[in-house]
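Below is one structure, written out as structure tokens; comments come after it.
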Amino acid sequence: MENYSKYNPVPEAVLNEYNKTRANGPQPVLCYAPFKNLYFGHEGRVIACCYNQKYLLGIYPQQSIKEIWFGEKAGILRNYILNNDLSLGCKHCRHMLTAGNFDAVKTKMYDHHKENVNKYPSVFEFELINTCNLECIMCSGRYSSSIRKNREKLPPVSEVYDKIFLEQLVEYIPFLEETKFYGGEPFLVEIYYEIWDMIARLNPQCRISIQTNGTILNNRVKELLQKCNFHICVSMESLEKNRYENIRINGKFETVMDNTSYFREYSRANNTFFGISVCAMRQNWQEIPSFVKFCNSLNAPLYIHTVWNPQHCSLWNLAPEELKKIVSELKAFSLHGGTETERKNSRHFNDFLLQMEQWYEYSVTVREKIHEDIQSVNEVTQNEKIHERIREYVRTLPDFTETAKNEKENHLINRFDEIMVLISDSFQRKVILKRIEKVNISRVMQYLEINSKEQIVQMAVTYAEKSHIDFFLPDINETQEEADIPYFNP
């Protein structure tokens with residue numbers, strides 16, 4: 001093991017408390033993901049798990065599966081984990097650990113898998129393409145082909161996983177305990193059917209875990225379910241028709257509820273796992289207690305996922321008074337913990353509530369600091385500074401005549417002023433003016449030119465209310481790819 005002093009470990013007291021919650025008891029390794037798991041993501045990006053999107057182990061087809069698994073980058077990550085250091089992209093789990101939300105810590109999912117004697121992976125996770133029939137409001141084109149085509153007007157994501165990839169899988173499938181399939185919608189991804197057929201042939205006892213939106217259930221799917229060892233988790237955000245269909249655009253509530261019943265009965269008959277996952281958002285947080293009751297009635301675990309992006313759906317960035325109201329209402333919910341499933345769902349709910357309480361406490365502290373910071377902000381002076389930055393930006397534009405630059409300069413300054421007038425709250429205006437000082441002005445200009453005034457006002461107000469921004473998320477001048485990390489994606 002390398003010199004411990006060079007690492008930044010999770011506090012020992014936190015690890016001790018976390019270890020008490022692990023199903024197999026305290027473990028010598030904080031996270032087994034890099035020792036047991038490979039996650040094949042979009043565009044050939046291979047990582048240790050879906051919550052660590054930043055630290056790449058390799059890229060297919062530039063490297064083979066074997067080169068990635070036994071490669072230098074995988075070895076470096078393993079050394080960090082052995083020293084309890086989550087610095088290499090594992091920010092989500094570190095935050096959940098320090099927040100005490102231990103049920104939301106992804107590391108726990110890899111505890112029960114064995115380590116193969118040949119040091120091969122025990123788990124493969126597949127998110128190979130974004131094929132999806134829904135356009136959920138909390139999702140993006142990165143994870144839905146329908147959103148990418150219809151909302152974002154972008155070309156399809158490239159499919160890089162080919163026949164050679166399938167041939168390479170043959171070597172590993174006999175040693176796998178579990179495979180996990182995400183989307184898009186897994187039951188719409190053609191290459192998954194080839195992998196499932198391969199599993200049925202080479203390792204029929206391998207657990208196949210599916211995260212589905214519950215909209216697809218045809219004869220092909222039903223026949224497949226009988227051939228393999230499927231474990232199913234259905235994602236839904238509401239138990240009310242109108243709210244469900246307003247969140248999961250293109251989804252039909254009745255169809256999803258019928259299919260959910262079918263999947264539940266399949267799992268009961270075959271003694272396999274069935275669960276429900278819900279993204280807790282501004283649009284549906286009131287229904288979290290109803291989901292607990294619903295899942296208890298099905299004897300199904302409920303998983304409550306954090307939505308970090310898009311921010312107009314997120315709970316973490318609400319104003320303190322709104323967070324306080326939500327916490328108060330959720331605390332009034334009475335839990336019942338008779339069965340094992342009911343106890344588990346009570347823990348999940350209480351962890352979610354604990355997270356909300358900590359967001360509230362943190363937002364109060366940060367809001368006070370923000371109020372202190374903006375006391376000295378003079379709006380007139382600050383506006384003039386931004387006008388000058390806009391002029392400097394326009395002067396750097398190539399291939400513009402002097403007349404064109406003057407017109408563009410006037411257009412952008414007028415547009416900026418019009419938007420600030422539309423933001424009626426003085427606190428929000430001052431926060432925005434203060435924060436623009438730290439942002440690349442070209443990024444601000446892109447927002448001004450691409451979006452409507454109404455969209456910009458909504459984004460600006462949301463941004464002004466993001467009292468947690470510096471702690472939780474990258475600033476808006478970071479790349480969109482980094483800002484769109486799919487924390488809501490189970």
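Following the order of the structure tokens, first chain is A, next is B, and so on, with residues numbered from 1 inside each chain and ligands from 1 in the order they appear.
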Need the shell around A:Gln211: protein/DNA/RNA residues with any atom at most 8 Å away, counting only C-alpha atoms. Skip same-chain ones fewer than 2 positions apart. Format as JSON, numbers by chain?
{"A": [180, 181, 182, 183, 185, 186, 209, 213, 232, 233, 234, 235, 490]}
Excluding stretch 245-247 of chain A and residues on its chain fewer than 4 positions from it, collect all residues at most 10 Å away from it, counting only C-alpha atoms, and give them as a ChimeraX atom specification.
/A:134-139,236-238,240-241,251-253,283-284
With the cut-off set at 12 Å and counting only C-alpha atoms, tabulate each residue of stretch 153-230 of chain A with an atom at most that distance from an atom of stretch 23-40 of chain A, showing the nearest atom pair and its distance in Å to one decimal, ordered by chain and increasing number, as a tab-separated table.
```
residue	atom	partner	partner_atom	distance
A:Val160	CA	A:Phe40	CA	10.8
A:Tyr161	CA	A:Phe40	CA	9.3
A:Phe165	CA	A:Phe40	CA	10.8
A:Leu169	CA	A:Phe40	CA	11.6
A:Tyr172	CA	A:Leu38	CA	11.1
A:Phe175	CA	A:Lys36	CA	11.0
A:Leu176	CA	A:Lys36	CA	9.6
A:Glu177	CA	A:Lys36	CA	10.0
A:Glu178	CA	A:Asn37	CA	9.6
A:Thr179	CA	A:Asn37	CA	9.6
A:Lys180	CA	A:Tyr39	CA	9.0
A:Phe181	CA	A:Phe40	CA	9.9
A:Tyr182	CA	A:Phe40	CA	10.2
A:Gly183	CA	A:Phe40	CA	11.5
```
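The shell of residues at most 12 Å from A:Met445, with only C-alpha atoms counted and near chain neighbours (fewer than 4 positions) removed, consists of A:Ile386, A:His387, A:Arg389, A:Ile390, A:Arg391, A:Glu392, A:Tyr393, A:Val394, A:Leu397, A:Lys408, A:Glu409, A:His411, A:Leu412, A:Ile413, A:Arg415, A:Phe416, A:Ile436, A:Val439, A:Asn440, A:Ile441, A:Glu449, A:Ile450, A:Asn451, A:Ile456, A:Asn477.
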Which of stretch 34-204 of chain A fall in alpha helix (DSSP H), as JSON, numbers by chain
{"A": [34, 35, 36, 65, 66, 67, 68, 69, 72, 73, 74, 75, 76, 77, 78, 79, 80, 81, 82, 91, 92, 93, 94, 95, 96, 97, 98, 99, 145, 146, 163, 164, 165, 166, 167, 168, 169, 190, 191, 192, 193, 194, 195, 196, 197, 198, 199, 200, 201, 202]}
DSSP strand (DSSP E) residues within stretch 271-444 of chain A, as a VMD selection string
chain A and resid 274 to 280 302 to 306
